[in-house]
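Colleague: So here's structure_11.cif, just mmCIF, C-alpha atoms and all ligand atoms:
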```cif
data_upload
loop_
_atom_site.label_atom_id
_atom_site.label_comp_id
_atom_site.auth_asym_id
_atom_site.auth_seq_id
_atom_site.Cartn_x
_atom_site.Cartn_y
_atom_site.Cartn_z
CA MET A 1 75.61 91.58 133.54
CA THR A 2 78.29 92.73 131.07
CA THR A 3 77.81 96.14 129.49
CA ARG A 4 79.44 96.55 126.09
CA VAL A 5 80.89 100.01 125.44
CA ARG A 6 79.61 101.32 122.07
CA PRO A 7 82.71 102.04 120.02
CA SER A 8 83.18 105.73 119.27
CA SER A 9 82.83 106.69 115.60
CA LYS A 10 85.97 108.82 115.94
CA ARG A 11 88.09 105.85 117.05
CA CYS A 12 89.67 103.85 114.30
CA ALA A 13 92.46 101.38 113.65
CA VAL A 14 94.86 101.28 110.72
CA ILE A 15 96.35 97.84 110.04
CA GLY A 16 99.58 98.48 108.15
CA GLY A 17 99.70 102.03 109.55
CA SER A 18 103.51 102.09 109.63
CA GLY A 19 103.72 101.72 105.84
CA PHE A 20 103.85 104.37 103.11
CA LEU A 21 100.11 104.74 102.49
CA GLY A 22 99.21 103.74 106.06
CA ARG A 23 101.24 106.53 107.62
CA HIS A 24 99.78 109.20 105.30
CA LEU A 25 96.31 107.87 106.18
CA VAL A 26 97.06 107.93 109.92
CA GLU A 27 98.31 111.53 109.68
CA LYS A 28 95.13 112.63 107.87
CA LEU A 29 92.87 110.81 110.36
CA ALA A 30 94.71 112.32 113.35
CA ASP A 31 94.36 115.74 111.68
CA LYS A 32 90.62 115.18 111.35
CA GLY A 33 90.31 114.46 115.08
CA TYR A 34 90.24 110.65 115.02
CA THR A 35 91.90 108.67 117.79
CA VAL A 36 93.99 106.14 115.89
CA SER A 37 95.39 102.73 116.80
CA VAL A 38 98.08 101.49 114.43
CA PHE A 39 98.65 97.75 114.09
CA ASP A 40 101.77 96.69 112.21
CA ILE A 41 104.74 94.36 112.46
CA ARG A 42 106.95 97.42 112.89
CA GLN A 43 106.77 100.98 114.23
CA SER A 44 108.30 103.57 111.90
CA TYR A 45 107.33 106.89 113.59
CA GLU A 46 105.54 108.47 116.55
CA LEU A 47 102.56 110.84 116.46
CA PRO A 48 100.51 112.40 119.28
CA GLY A 49 97.11 110.72 119.67
CA VAL A 50 98.28 107.58 117.86
CA THR A 51 98.85 104.32 119.75
CA PHE A 52 100.98 101.57 118.24
CA TYR A 53 100.30 97.86 118.62
CA LEU A 54 103.01 95.62 117.25
CA GLY A 55 102.20 92.19 115.85
CA ASP A 56 101.38 90.02 112.87
CA LEU A 57 97.85 90.43 111.53
CA CYS A 58 97.64 86.64 111.17
CA ASP A 59 97.63 86.44 114.97
CA LYS A 60 94.11 87.25 116.16
CA GLN A 61 95.10 87.50 119.81
CA ALA A 62 97.73 90.11 118.94
CA LEU A 63 95.25 92.02 116.78
CA LEU A 64 92.30 92.19 119.19
CA PRO A 65 93.73 94.79 121.64
CA ALA A 66 94.24 97.21 118.72
CA LEU A 67 90.55 96.89 117.76
CA ARG A 68 89.14 97.40 121.25
CA ASP A 69 86.42 100.17 121.27
CA VAL A 70 87.09 100.85 117.60
CA SER A 71 84.18 101.23 115.15
CA LEU A 72 86.18 101.64 111.94
CA VAL A 73 89.15 99.62 110.63
CA PHE A 74 91.34 100.37 107.62
CA HIS A 75 93.28 97.34 106.36
CA CYS A 76 96.22 98.50 104.24
CA ALA A 77 98.87 95.94 105.18
CA SER A 78 100.48 93.67 102.61
CA PRO A 79 103.89 92.16 101.92
CA ALA A 80 105.75 94.27 99.32
CA PRO A 81 104.65 93.39 95.75
CA GLY A 82 108.24 92.50 94.76
CA ALA A 83 108.51 89.82 97.49
CA ASP A 84 108.07 86.88 95.05
CA ASP A 85 107.08 84.61 97.96
CA ARG A 86 103.81 82.80 97.31
CA ALA A 87 103.52 81.34 100.82
CA LEU A 88 103.99 84.76 102.44
CA PHE A 89 101.37 86.43 100.20
CA GLU A 90 98.89 83.61 100.84
CA ARG A 91 99.48 83.69 104.59
CA VAL A 92 99.20 87.47 105.01
CA ASN A 93 96.78 88.54 102.26
CA ILE A 94 94.40 85.58 102.34
CA SER A 95 94.42 83.85 105.74
CA GLY A 96 95.51 87.07 107.46
CA THR A 97 92.55 88.92 105.97
CA ARG A 98 90.21 86.15 107.20
CA THR A 99 91.71 86.71 110.65
CA VAL A 100 91.17 90.48 110.35
CA ILE A 101 87.49 89.91 109.53
CA GLN A 102 87.05 87.49 112.46
CA ALA A 103 88.79 89.91 114.82
CA CYS A 104 86.52 92.74 113.60
CA HIS A 105 83.46 90.59 114.40
CA GLU A 106 84.77 89.69 117.86
CA ALA A 107 85.68 93.30 118.68
CA GLY A 108 82.31 94.68 117.48
CA VAL A 109 83.84 96.73 114.63
CA GLN A 110 81.15 98.14 112.30
CA LYS A 111 83.11 99.22 109.23
CA LEU A 112 86.07 97.74 107.35
CA VAL A 113 87.81 99.63 104.52
CA LEU A 114 90.26 97.51 102.52
CA THR A 115 93.09 98.86 100.39
CA SER A 116 92.85 96.60 97.37
CA SER A 117 94.53 97.37 94.03
CA ALA A 118 93.38 98.23 90.50
CA SER A 119 95.77 95.47 89.43
CA VAL A 120 93.19 92.84 90.45
CA VAL A 121 91.85 93.08 86.89
CA PHE A 122 95.22 93.43 85.11
CA GLU A 123 96.59 90.45 83.15
CA GLY A 124 99.52 92.18 81.47
CA THR A 125 97.52 93.42 78.47
CA ASP A 126 96.01 96.85 77.73
CA ILE A 127 93.25 98.28 79.96
CA LYS A 128 91.86 101.65 78.84
CA ASN A 129 89.55 103.55 81.20
CA GLY A 130 88.77 100.26 83.01
CA LYS A 131 85.62 100.25 85.13
CA GLU A 132 85.02 98.28 88.30
CA ASP A 133 82.84 95.75 86.47
CA LEU A 134 85.83 94.28 84.60
CA PRO A 135 86.25 90.64 85.68
CA TYR A 136 89.04 89.72 88.07
CA ALA A 137 92.22 88.67 86.25
CA LYS A 138 92.01 84.98 85.30
CA LYS A 139 95.79 84.91 84.88
CA PRO A 140 97.11 87.42 87.45
CA ILE A 141 100.62 88.64 86.66
CA ASP A 142 102.13 87.57 90.01
CA PHE A 143 101.41 86.07 93.46
CA TYR A 144 100.86 89.55 94.88
CA THR A 145 97.98 90.20 92.45
CA LEU A 146 96.61 86.67 92.83
CA THR A 147 96.28 87.11 96.59
CA LYS A 148 94.98 90.72 96.35
CA ILE A 149 92.07 89.28 94.30
CA GLN A 150 91.26 86.71 97.00
CA GLN A 151 91.64 89.35 99.70
CA GLU A 152 89.21 91.74 98.00
CA LYS A 153 86.64 88.97 97.49
CA LEU A 154 86.84 88.00 101.18
CA VAL A 155 86.29 91.55 102.38
CA LEU A 156 83.44 92.36 99.98
CA GLU A 157 81.68 89.06 100.70
CA ALA A 158 81.90 89.81 104.44
CA CYS A 159 79.63 92.85 104.04
CA ASP A 160 76.57 92.10 106.14
CA LYS A 161 74.10 94.96 106.58
CA GLU A 162 71.73 92.89 108.72
CA ASN A 163 74.40 92.27 111.32
CA GLY A 164 75.82 95.77 111.11
CA PHE A 165 79.17 94.94 109.48
CA LEU A 166 79.84 97.12 106.41
CA THR A 167 82.78 96.74 104.05
CA VAL A 168 84.19 98.52 101.00
CA ALA A 169 87.37 98.11 98.91
CA ILE A 170 89.46 100.94 97.50
CA ARG A 171 91.49 100.10 94.39
CA PRO A 172 94.32 102.60 93.93
CA HIS A 173 96.88 102.37 91.14
CA GLY A 174 100.58 103.32 91.14
CA ILE A 175 100.62 105.26 94.40
CA PHE A 176 103.44 107.79 94.67
CA GLY A 177 104.46 110.66 96.93
CA PRO A 178 106.81 111.55 99.79
CA ARG A 179 108.30 108.59 101.68
CA ASP A 180 107.27 106.00 99.06
CA PRO A 181 109.83 103.21 99.39
CA GLN A 182 109.13 101.77 95.93
CA LEU A 183 108.52 103.85 92.83
CA VAL A 184 111.01 106.75 93.11
CA PRO A 185 113.76 104.78 94.95
CA ILE A 186 113.62 101.91 92.41
CA LEU A 187 113.60 104.37 89.53
CA VAL A 188 116.60 106.30 90.88
CA ASP A 189 118.51 103.12 91.70
CA THR A 190 117.92 101.90 88.13
CA ALA A 191 119.10 105.27 86.75
CA ARG A 192 122.21 105.28 88.97
CA ARG A 193 123.13 101.85 87.63
CA GLY A 194 122.88 103.25 84.08
CA LYS A 195 119.87 101.08 83.19
CA MET A 196 117.32 103.85 82.66
CA LYS A 197 118.31 104.70 79.07
CA PHE A 198 115.60 102.74 77.28
CA ILE A 199 111.90 103.23 76.66
CA ILE A 200 110.06 99.91 76.48
CA GLY A 201 107.74 100.04 73.45
CA ASN A 202 106.84 103.22 71.57
CA GLY A 203 106.26 105.25 74.74
CA SER A 204 102.60 106.01 74.01
CA ASN A 205 101.09 103.80 76.73
CA LEU A 206 98.86 105.63 79.20
CA VAL A 207 98.97 104.70 82.90
CA ASP A 208 97.48 105.98 86.17
CA PHE A 209 99.86 107.23 88.83
CA THR A 210 97.99 108.35 91.90
CA TYR A 211 99.25 110.82 94.46
CA VAL A 212 99.14 109.39 97.97
CA GLU A 213 96.96 112.23 99.33
CA ASN A 214 94.30 111.45 96.74
CA VAL A 215 94.37 107.80 97.77
CA VAL A 216 94.01 108.84 101.42
CA HIS A 217 91.11 111.13 100.49
CA GLY A 218 89.35 108.19 98.78
CA HIS A 219 89.77 106.03 101.88
CA VAL A 220 88.43 108.69 104.25
CA LEU A 221 85.43 109.44 102.00
CA ALA A 222 84.63 105.72 101.74
CA ALA A 223 84.79 105.32 105.53
CA GLU A 224 82.58 108.33 106.17
CA ARG A 225 80.03 107.38 103.47
CA LEU A 226 79.84 103.72 104.54
CA ARG A 227 76.31 103.46 105.95
CA PRO A 228 73.66 100.72 105.55
CA GLU A 229 71.66 102.76 103.00
CA SER A 230 74.73 103.74 100.96
CA PRO A 231 75.40 102.19 97.51
CA ILE A 232 79.06 101.72 98.43
CA CYS A 233 78.46 98.78 100.83
CA GLY A 234 80.21 95.66 99.57
CA GLN A 235 81.59 97.46 96.47
CA ALA A 236 85.03 98.18 95.02
CA TYR A 237 86.12 101.66 93.86
CA HIS A 238 88.97 102.83 91.64
CA ILE A 239 90.72 105.85 93.12
CA THR A 240 93.03 107.59 90.67
CA ASN A 241 94.35 111.06 89.88
CA ASP A 242 91.90 111.05 86.94
CA GLU A 243 94.77 112.20 84.70
CA PRO A 244 96.23 109.18 82.87
CA VAL A 245 99.76 109.98 81.74
CA PHE A 246 102.25 108.42 79.31
CA PHE A 247 104.21 105.98 81.52
CA TRP A 248 107.58 107.14 80.14
CA ASP A 249 106.69 110.85 80.41
CA PHE A 250 105.87 110.37 84.08
CA MET A 251 109.14 108.51 84.71
CA SER A 252 111.07 111.16 82.76
CA GLN A 253 109.53 114.03 84.76
CA ILE A 254 110.59 112.40 88.03
CA LEU A 255 114.07 111.56 86.71
CA VAL A 256 114.70 115.00 85.19
CA GLY A 257 113.29 116.68 88.33
CA LEU A 258 115.93 114.82 90.35
CA GLY A 259 118.73 115.70 87.91
CA TYR A 260 118.97 112.44 85.88
CA ASN A 261 118.64 112.02 82.12
CA ALA A 262 115.31 110.92 80.70
CA PRO A 263 115.34 107.55 78.85
CA ARG A 264 115.70 108.08 75.07
CA TYR A 265 116.23 104.86 73.10
CA HIS A 266 113.28 102.63 72.21
CA LEU A 267 113.30 98.85 72.57
CA PRO A 268 110.51 96.58 71.24
CA TYR A 269 108.11 95.59 74.02
CA TRP A 270 107.99 91.85 73.18
CA LEU A 271 111.77 91.61 73.02
CA VAL A 272 112.19 93.11 76.52
CA TYR A 273 109.29 91.06 77.88
CA GLY A 274 110.80 87.85 76.45
CA ILE A 275 114.22 88.60 77.96
CA ALA A 276 112.65 89.46 81.34
CA LEU A 277 110.68 86.21 81.30
CA LEU A 278 113.79 84.18 80.44
CA LEU A 279 115.80 85.83 83.23
CA TRP A 280 112.98 85.24 85.70
CA VAL A 281 112.80 81.53 84.77
CA LEU A 282 116.59 81.29 85.17
CA THR A 283 116.53 82.95 88.62
CA VAL A 284 113.78 80.54 89.73
CA LEU A 285 115.69 77.50 88.45
CA LEU A 286 119.02 78.62 89.89
CA ARG A 287 117.55 79.99 93.13
CA PRO A 288 119.38 77.63 95.51
CA LEU A 289 122.73 78.60 93.90
CA VAL A 290 122.32 82.26 92.89
CA SER A 291 120.42 84.98 94.79
CA TRP A 292 120.12 87.57 92.01
CA LYS A 293 117.04 89.76 91.51
CA PRO A 294 116.60 91.21 87.99
CA THR A 295 115.52 94.89 87.80
CA PHE A 296 113.25 94.31 84.83
CA THR A 297 110.89 91.56 85.98
CA PRO A 298 108.09 90.45 83.59
CA MET A 299 105.66 92.23 85.93
CA ARG A 300 107.53 95.55 85.72
CA VAL A 301 107.94 95.26 81.95
CA ALA A 302 104.19 94.63 81.56
CA LEU A 303 103.43 97.62 83.80
CA ALA A 304 105.89 99.80 81.88
CA GLY A 305 104.85 98.82 78.35
CA THR A 306 101.03 98.53 78.31
CA HIS A 307 98.09 100.89 78.73
CA HIS A 308 96.50 100.50 82.15
CA TYR A 309 94.34 103.30 83.34
CA TYR A 310 91.05 103.20 85.16
CA SER A 311 87.85 105.22 85.43
CA CYS A 312 87.06 106.72 88.84
CA ALA A 313 83.57 107.85 87.70
CA ARG A 314 81.91 105.43 90.13
CA ALA A 315 83.77 106.92 93.12
CA LYS A 316 82.82 110.41 91.94
CA GLN A 317 79.17 109.45 91.68
CA ASP A 318 78.76 107.32 94.83
CA MET A 319 81.06 109.11 97.24
CA GLY A 320 81.67 112.55 95.78
CA TYR A 321 85.34 111.76 95.10
CA GLN A 322 87.51 114.30 93.27
CA PRO A 323 91.32 114.26 93.34
CA VAL A 324 92.56 116.94 95.73
CA VAL A 325 96.10 117.28 94.28
CA SER A 326 96.76 117.59 90.52
CA LEU A 327 99.36 115.41 88.82
CA LYS A 328 101.58 118.42 88.09
CA ASP A 329 101.63 119.52 91.76
CA ALA A 330 101.98 115.92 92.92
CA ILE A 331 105.11 115.37 90.80
CA MET A 332 106.61 118.64 92.10
CA LEU A 333 105.86 117.77 95.76
CA THR A 334 107.29 114.28 95.26
CA VAL A 335 110.51 115.45 93.60
CA GLU A 336 111.04 118.05 96.36
CA SER A 337 110.61 115.39 99.03
CA TYR A 338 113.60 113.29 97.88
CA PRO A 339 116.61 115.66 98.19
CA HIS A 340 118.79 112.68 99.18
CA LEU A 341 118.04 110.92 95.87
CA ARG A 342 119.09 113.85 93.65
CA GLN A 343 121.91 113.28 91.17
CA GLY A 344 125.17 113.92 93.00
CA ALA A 345 123.64 113.95 96.50
N1 LIG B 401 102.14 101.23 96.47
C1 LIG B 401 101.29 101.09 95.45
O1 LIG B 401 101.52 101.57 94.33
C2 LIG B 401 100.00 100.37 95.67
C3 LIG B 401 99.69 99.77 96.88
N2 LIG B 401 98.47 99.14 97.04
C4 LIG B 401 98.13 98.55 98.33
O2 LIG B 401 98.21 99.56 99.32
C5 LIG B 401 98.53 98.99 100.59
C6 LIG B 401 99.66 99.76 101.21
O3 LIG B 401 100.79 99.69 100.36
P1 LIG B 401 102.12 100.51 100.65
O4 LIG B 401 101.87 101.55 101.65
O5 LIG B 401 102.66 100.86 99.32
O6 LIG B 401 103.04 99.36 101.25
P2 LIG B 401 104.06 99.39 102.50
O7 LIG B 401 104.91 98.18 102.34
O8 LIG B 401 104.72 100.70 102.63
O9 LIG B 401 103.08 99.19 103.74
C7 LIG B 401 102.56 97.94 104.12
C8 LIG B 401 102.62 97.83 105.63
O10 LIG B 401 102.04 96.57 106.00
C9 LIG B 401 102.81 96.05 107.08
N3 LIG B 401 102.66 94.61 107.12
C10 LIG B 401 103.07 93.70 106.20
N4 LIG B 401 102.80 92.46 106.62
C11 LIG B 401 102.17 92.58 107.83
C12 LIG B 401 101.65 91.64 108.75
N5 LIG B 401 101.72 90.33 108.55
N6 LIG B 401 101.08 92.11 109.89
C13 LIG B 401 101.02 93.45 110.14
N7 LIG B 401 101.51 94.38 109.30
C14 LIG B 401 102.08 93.95 108.15
C15 LIG B 401 104.25 96.46 106.74
O11 LIG B 401 105.10 96.40 107.87
C16 LIG B 401 104.05 97.86 106.19
O12 LIG B 401 104.18 98.82 107.21
C17 LIG B 401 98.82 97.51 100.33
O13 LIG B 401 97.69 96.77 100.65
C18 LIG B 401 99.06 97.45 98.83
O14 LIG B 401 98.67 96.20 98.32
C19 LIG B 401 97.56 99.11 96.05
C20 LIG B 401 97.81 99.68 94.85
C21 LIG B 401 99.04 100.34 94.56
C1 LIG B 402 110.78 100.10 84.45
C2 LIG B 402 111.14 100.55 85.81
C3 LIG B 402 112.44 100.14 86.39
C4 LIG B 402 110.28 101.31 86.46
C5 LIG B 402 110.46 101.74 87.88
C6 LIG B 402 109.16 102.06 88.50
C7 LIG B 402 108.42 100.82 89.01
C8 LIG B 402 109.15 100.34 90.25
C9 LIG B 402 106.95 101.18 89.28
C10 LIG B 402 106.22 101.53 87.98
C11 LIG B 402 104.77 101.08 88.13
C12 LIG B 402 104.67 100.76 89.60
C13 LIG B 402 103.52 99.97 90.12
C14 LIG B 402 103.67 99.20 91.27
C15 LIG B 402 104.99 99.08 91.95
C16 LIG B 402 106.08 100.04 91.44
C17 LIG B 402 106.03 100.14 89.93
C18 LIG B 402 106.24 98.77 89.29
C19 LIG B 402 102.56 98.34 91.80
C20 LIG B 402 102.85 96.91 91.32
C21 LIG B 402 102.48 98.36 93.32
C22 LIG B 402 101.37 97.50 93.85
C23 LIG B 402 100.10 97.53 93.09
O1 LIG B 402 99.08 97.15 93.64
C24 LIG B 402 100.08 97.92 91.69
C25 LIG B 402 101.19 98.86 91.31
C26 LIG B 402 101.19 99.12 89.82
C27 LIG B 402 102.23 100.13 89.42
#
```
I need this file expressed as structure tokens, please.
Ligand SMILES: NC(=O)C1=CN([C@@H]2O[C@H](COP(=O)(O)OP(=O)(O)OC[C@H]3O[C@@H](n4cnc5c(N)ncnc54)[C@H](O)[C@@H]3O)[C@@H](O)[C@H]2O)C=CC1
Ligand SMILES: CC(C)=CCC[C@@H](C)[C@H]1CC[C@H]2C3=C(CC[C@]12C)[C@@]1(C)CCC(=O)C[C@@H]1CC3
Modeller:
Amino acid sequence: MTTRVRPSSKRCAVIGGSGFLGRHLVEKLADKGYTVSVFDIRQSYELPGVTFYLGDLCDKQALLPALRDVSLVFHCASPAPGADDRALFERVNISGTRTVIQACHEAGVQKLVLTSSASVVFEGTDIKNGKEDLPYAKKPIDFYTLTKIQQEKLVLEACDKENGFLTVAIRPHGIFGPRDPQLVPILVDTARRGKMKFIIGNGSNLVDFTYVENVVHGHVLAAERLRPESPICGQAYHITNDEPVFFWDFMSQILVGLGYNAPRYHLPYWLVYGIALLLWVLTVLLRPLVSWKPTFTPMRVALAGTHHYYSCARAKQDMGYQPVVSLKDAIMLTVESYPHLRQGA
């Protein structure tokens, strides 16, 4: 007779735990007394009580040892949004997520928390205080978003109370904070190359930027509230700072905090978008000959020039979510964490 060990509720796995959000999540879970297994294609740090398993999440046999005796899995792995590689996004975000779900079933995992994205409803046009019932984007702005939509659907459809497998999706937007490899580094690089002088549009577009600790808090609450009787089973939740901010004010505060000039001159949105689109088409057509990546991609221009902020009322109501760090403190903590990116450093 084989006896199956009941997984401990304080044992969890974080797929993508070496990444920016993943590592902050792992640190919080370890702090809260969880034993954590990290599964990732790379190991970027060490932490007591955390075991690393290296492998590709598309490989079920590699994944299974990381899920052994684990009751709760966080899936926050994805190729970087700027990758522009449809096959990679489809392999990792769609078939890889199917593999994650199968591996969870085989390992007896009871709860799966997915890091989705608020962008699953964004088509490049204004969203003001968007709720979770907005339809998925019919024309997603890039392959990243296209595959995040499929990924979220797979995870939510896998929720099966009768068989004891509960799922939930967290949709953050514009995550920032210490060690983020994207937002601040790209911004500073653009400023250092003298390209951060212009405001796209009139500068009055409101956007959500969400401090990483608030995103982590949303994930932990979702995991702890995920029970068969809970309304959160099989649902998606926006997690934001609940303080939409003018996109260009936010960028200016980070830039000025690090000693760079804030952008000052306005350019019409449609002009910049048109140029970005033209450059993108040219880079695609000339790809075999030229390997040049434009800074202002159509996706970035759309994100920089439209309103896109989301309501987190549902997360407040169903899981008692409240941001734990204000935007003002978050910007200060973030600026302080990048001394090496200061002007003149
Ligand atoms: N950064 C942001 O503003 C936002 C991020 N998200 C989502 O949050 C999650 C985490 O994002 P970040 O921490 O910013 O990204 P990140 O790039 O820092 O972390 C992703 C991690 O996934 C790992 N990974 C990628 N492919 C893998 C594979 N095939 N097998 C195993 N591991 C793999 C990477 O090595 C990396 O450590 C992603 O799902 C992303 O879609 C959602 C909304 C906004
Ligand atoms: C105009 C310019 C050069 C801005 C620099 C900052 C950008 C790199 C960020 C501004 C909004 C960010 C954002 C994302 C990535 C980084 C930005 C484009 C995401 C696409 C990351 C993944 C998601 O799921 C959605 C994010 C929306 C906001």
Colleague: How would you report the residues lying within 7 Å of ligand LIG 402 (chain B), as number ranges by chain, if you count all atoms listed in the file?
Modeller: A: 81, 117-119, 173-174, 182-184, 186-187, 190, 295-296, 300-301, 303-304
Colleague: If I take atom CA of Leu112 of chain A and atom C4 of ligand LIG 401 (chain B), how far is one from the other in Å, to one decimal?
Modeller: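 Computing it gives 15.1 Å between the two atoms.
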Colleague: For ligand LIG 401 (chain B), return the neighbouring residues as a ChimeraX atom specification (distance at most 8 Å; only C-alpha atoms and all ligand atoms).
Modeller: /A:15-23,39-44,54-58,75-81,92,96,114-119,144,148,171-176,180-183
Colleague: Generate the output file for the selected residues, C-alpha atoms, as a CSV table (one decimal), in the frame of the given file.
Modeller:
```
chain,number,residue,atom,x,y,z
A,15,ILE,CA,96.4,97.8,110.0
A,16,GLY,CA,99.6,98.5,108.2
A,17,GLY,CA,99.7,102.0,109.6
A,18,SER,CA,103.5,102.1,109.6
A,19,GLY,CA,103.7,101.7,105.8
A,20,PHE,CA,103.8,104.4,103.1
A,21,LEU,CA,100.1,104.7,102.5
A,22,GLY,CA,99.2,103.7,106.1
A,23,ARG,CA,101.2,106.5,107.6
A,39,PHE,CA,98.6,97.8,114.1
A,40,ASP,CA,101.8,96.7,112.2
A,41,ILE,CA,104.7,94.4,112.5
A,42,ARG,CA,107.0,97.4,112.9
A,43,GLN,CA,106.8,101.0,114.2
A,44,SER,CA,108.3,103.6,111.9
A,54,LEU,CA,103.0,95.6,117.2
A,55,GLY,CA,102.2,92.2,115.8
A,56,ASP,CA,101.4,90.0,112.9
A,57,LEU,CA,97.8,90.4,111.5
A,58,CYS,CA,97.6,86.6,111.2
A,75,HIS,CA,93.3,97.3,106.4
A,76,CYS,CA,96.2,98.5,104.2
A,77,ALA,CA,98.9,95.9,105.2
A,78,SER,CA,100.5,93.7,102.6
A,79,PRO,CA,103.9,92.2,101.9
A,80,ALA,CA,105.8,94.3,99.3
A,81,PRO,CA,104.6,93.4,95.8
A,92,VAL,CA,99.2,87.5,105.0
A,96,GLY,CA,95.5,87.1,107.5
A,114,LEU,CA,90.3,97.5,102.5
A,115,THR,CA,93.1,98.9,100.4
A,116,SER,CA,92.8,96.6,97.4
A,117,SER,CA,94.5,97.4,94.0
A,118,ALA,CA,93.4,98.2,90.5
A,119,SER,CA,95.8,95.5,89.4
A,144,TYR,CA,100.9,89.6,94.9
A,148,LYS,CA,95.0,90.7,96.4
A,171,ARG,CA,91.5,100.1,94.4
A,172,PRO,CA,94.3,102.6,93.9
A,173,HIS,CA,96.9,102.4,91.1
A,174,GLY,CA,100.6,103.3,91.1
A,175,ILE,CA,100.6,105.3,94.4
A,176,PHE,CA,103.4,107.8,94.7
A,180,ASP,CA,107.3,106.0,99.1
A,181,PRO,CA,109.8,103.2,99.4
A,182,GLN,CA,109.1,101.8,95.9
A,183,LEU,CA,108.5,103.8,92.8
```
Colleague: Between A:Ala315, A:Val109, A:Met196, A:Val212, single out the one closest to Gly164 of chain A, counting all atoms listed in the file.
Modeller: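 Comparing A:Ala315, A:Val109, A:Met196, A:Val212 against Gly164 of chain A, the winner is A:Val109.
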Colleague: Could you give me, as a list of chain:residue names, the residues that sit within 9 Å of (107.1, 105.2, 85.0) in the file's coordinates, counting only C-alpha atoms?
Modeller: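 The answer, in the requested form, is A:Leu183, A:Leu187, A:Val207, A:Phe209, A:Phe246, A:Phe247, A:Trp248, A:Asp249, A:Phe250, A:Met251, A:Ser252, A:Ile254, A:Leu303, A:Ala304.
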Colleague: Could you write those residues out with C-alpha atoms, as a compact mmCIF listing (two decimals), in the frame of the given file?
Modeller:
```txt
# COMPACT_ATOMS: atom_id res chain seq x y z
CA LEU A 183 108.52 103.85 92.83
CA LEU A 187 113.60 104.37 89.53
CA VAL A 207 98.97 104.70 82.90
CA PHE A 209 99.86 107.23 88.83
CA PHE A 246 102.25 108.42 79.31
CA PHE A 247 104.21 105.98 81.52
CA TRP A 248 107.58 107.14 80.14
CA ASP A 249 106.69 110.85 80.41
CA PHE A 250 105.87 110.37 84.08
CA MET A 251 109.14 108.51 84.71
CA SER A 252 111.07 111.16 82.76
CA ILE A 254 110.59 112.40 88.03
CA LEU A 303 103.43 97.62 83.80
CA ALA A 304 105.89 99.80 81.88
```
Colleague: Hey, which of A:Thr297, A:Asn214, A:Thr167, A:Ser337 ends up closest to Cys233 of chain A? Count all atoms listed in the file.
Modeller: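 Closest residue, counting all atoms listed in the file: A:Thr167.
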Colleague: With 8 Å of padding per side, what axis-aligned box (centre and edge lengths, Å, one decimal) covers all the listed atoms of segment 189-200 of chain A? Give it as AutoDock Vina command-line options.
Modeller:
```
--center_x 116.6 --center_y 102.6 --center_z 84.1 --size_x 29.1 --size_y 21.4 --size_z 31.2
```
Colleague: Let me make sure I understand: among A:Cys104, A:Asn241, A:Arg227, A:Gly82, which one has the smallest atom-to-atom distance to Pro294 of chain A if we use all atoms listed in the file?
Modeller: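 Comparing A:Cys104, A:Asn241, A:Arg227, A:Gly82 against Pro294 of chain A, the winner is A:Gly82.
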Colleague: Report the distance between atom CA of Val121 of chain A and atom CA of Phe143 of chain A in Å, rounded to one decimal place.
Modeller: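 Between atom CA of Val121 of chain A and atom CA of Phe143 of chain A the gap is 13.6 Å.
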Colleague: Just the number, please: distance in Å from atom CA of Trp292 of chain A to atom CA of Leu146 of chain A, one decimal.
Modeller: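 Distance between the two atoms: 23.5 Å.
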Colleague: Write out as a short mmCIF file (atom, residue, chain, number, x, y, z; two decimals) with C-alpha atoms, in the frame of the given file each polymer residue whose atoms come within 12 Å of Lys161 of chain A, counting only C-alpha atoms; drop sequence neighbours fewer than 5 positions from it.
Modeller:
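Just written: out01.cif:
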```
data_model
loop_
_atom_site.label_atom_id
_atom_site.label_comp_id
_atom_site.auth_asym_id
_atom_site.auth_seq_id
_atom_site.Cartn_x
_atom_site.Cartn_y
_atom_site.Cartn_z
CA GLN A 110 81.15 98.14 112.30
CA LYS A 111 83.11 99.22 109.23
CA LEU A 156 83.44 92.36 99.98
CA LEU A 166 79.84 97.12 106.41
CA THR A 167 82.78 96.74 104.05
CA LEU A 226 79.84 103.72 104.54
CA ARG A 227 76.31 103.46 105.95
CA PRO A 228 73.66 100.72 105.55
CA GLU A 229 71.66 102.76 103.00
CA SER A 230 74.73 103.74 100.96
CA PRO A 231 75.40 102.19 97.51
CA ILE A 232 79.06 101.72 98.43
CA CYS A 233 78.46 98.78 100.83
CA GLY A 234 80.21 95.66 99.57
#
```
Colleague: Which residue, A:Phe52, A:Phe122, A:Tyr265, A:Tyr260, has the smallest gap to Leu67 of chain A when you use all atoms listed in the file?
Modeller: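 For Leu67 of chain A, the nearest of the candidates is A:Phe52.
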Colleague: Could you pull out every residue with an atom within 7 Å of (103.1, 98.3, 77.4), file coordinates, counting only C-alpha atoms, and send them as a compact mmCIF listing (two decimals) with C-alpha atoms, keeping the file's coordinate frame?
Modeller:
```txt
# COMPACT_ATOMS: atom_id res chain seq x y z
CA GLY A 201 107.74 100.04 73.45
CA ASN A 205 101.09 103.80 76.73
CA TYR A 269 108.11 95.59 74.02
CA ALA A 302 104.19 94.63 81.56
CA LEU A 303 103.43 97.62 83.80
CA ALA A 304 105.89 99.80 81.88
CA GLY A 305 104.85 98.82 78.35
CA THR A 306 101.03 98.53 78.31
CA HIS A 307 98.09 100.89 78.73
```
Colleague: Rank nothing, just name the residue among A:Ile101, A:Ala345, A:Leu327, A:Ile170 nearest to Tyr237 of chain A, using all atoms listed in the file.
Modeller: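 Closest to Tyr237 of chain A of all the choices is A:Ile170.
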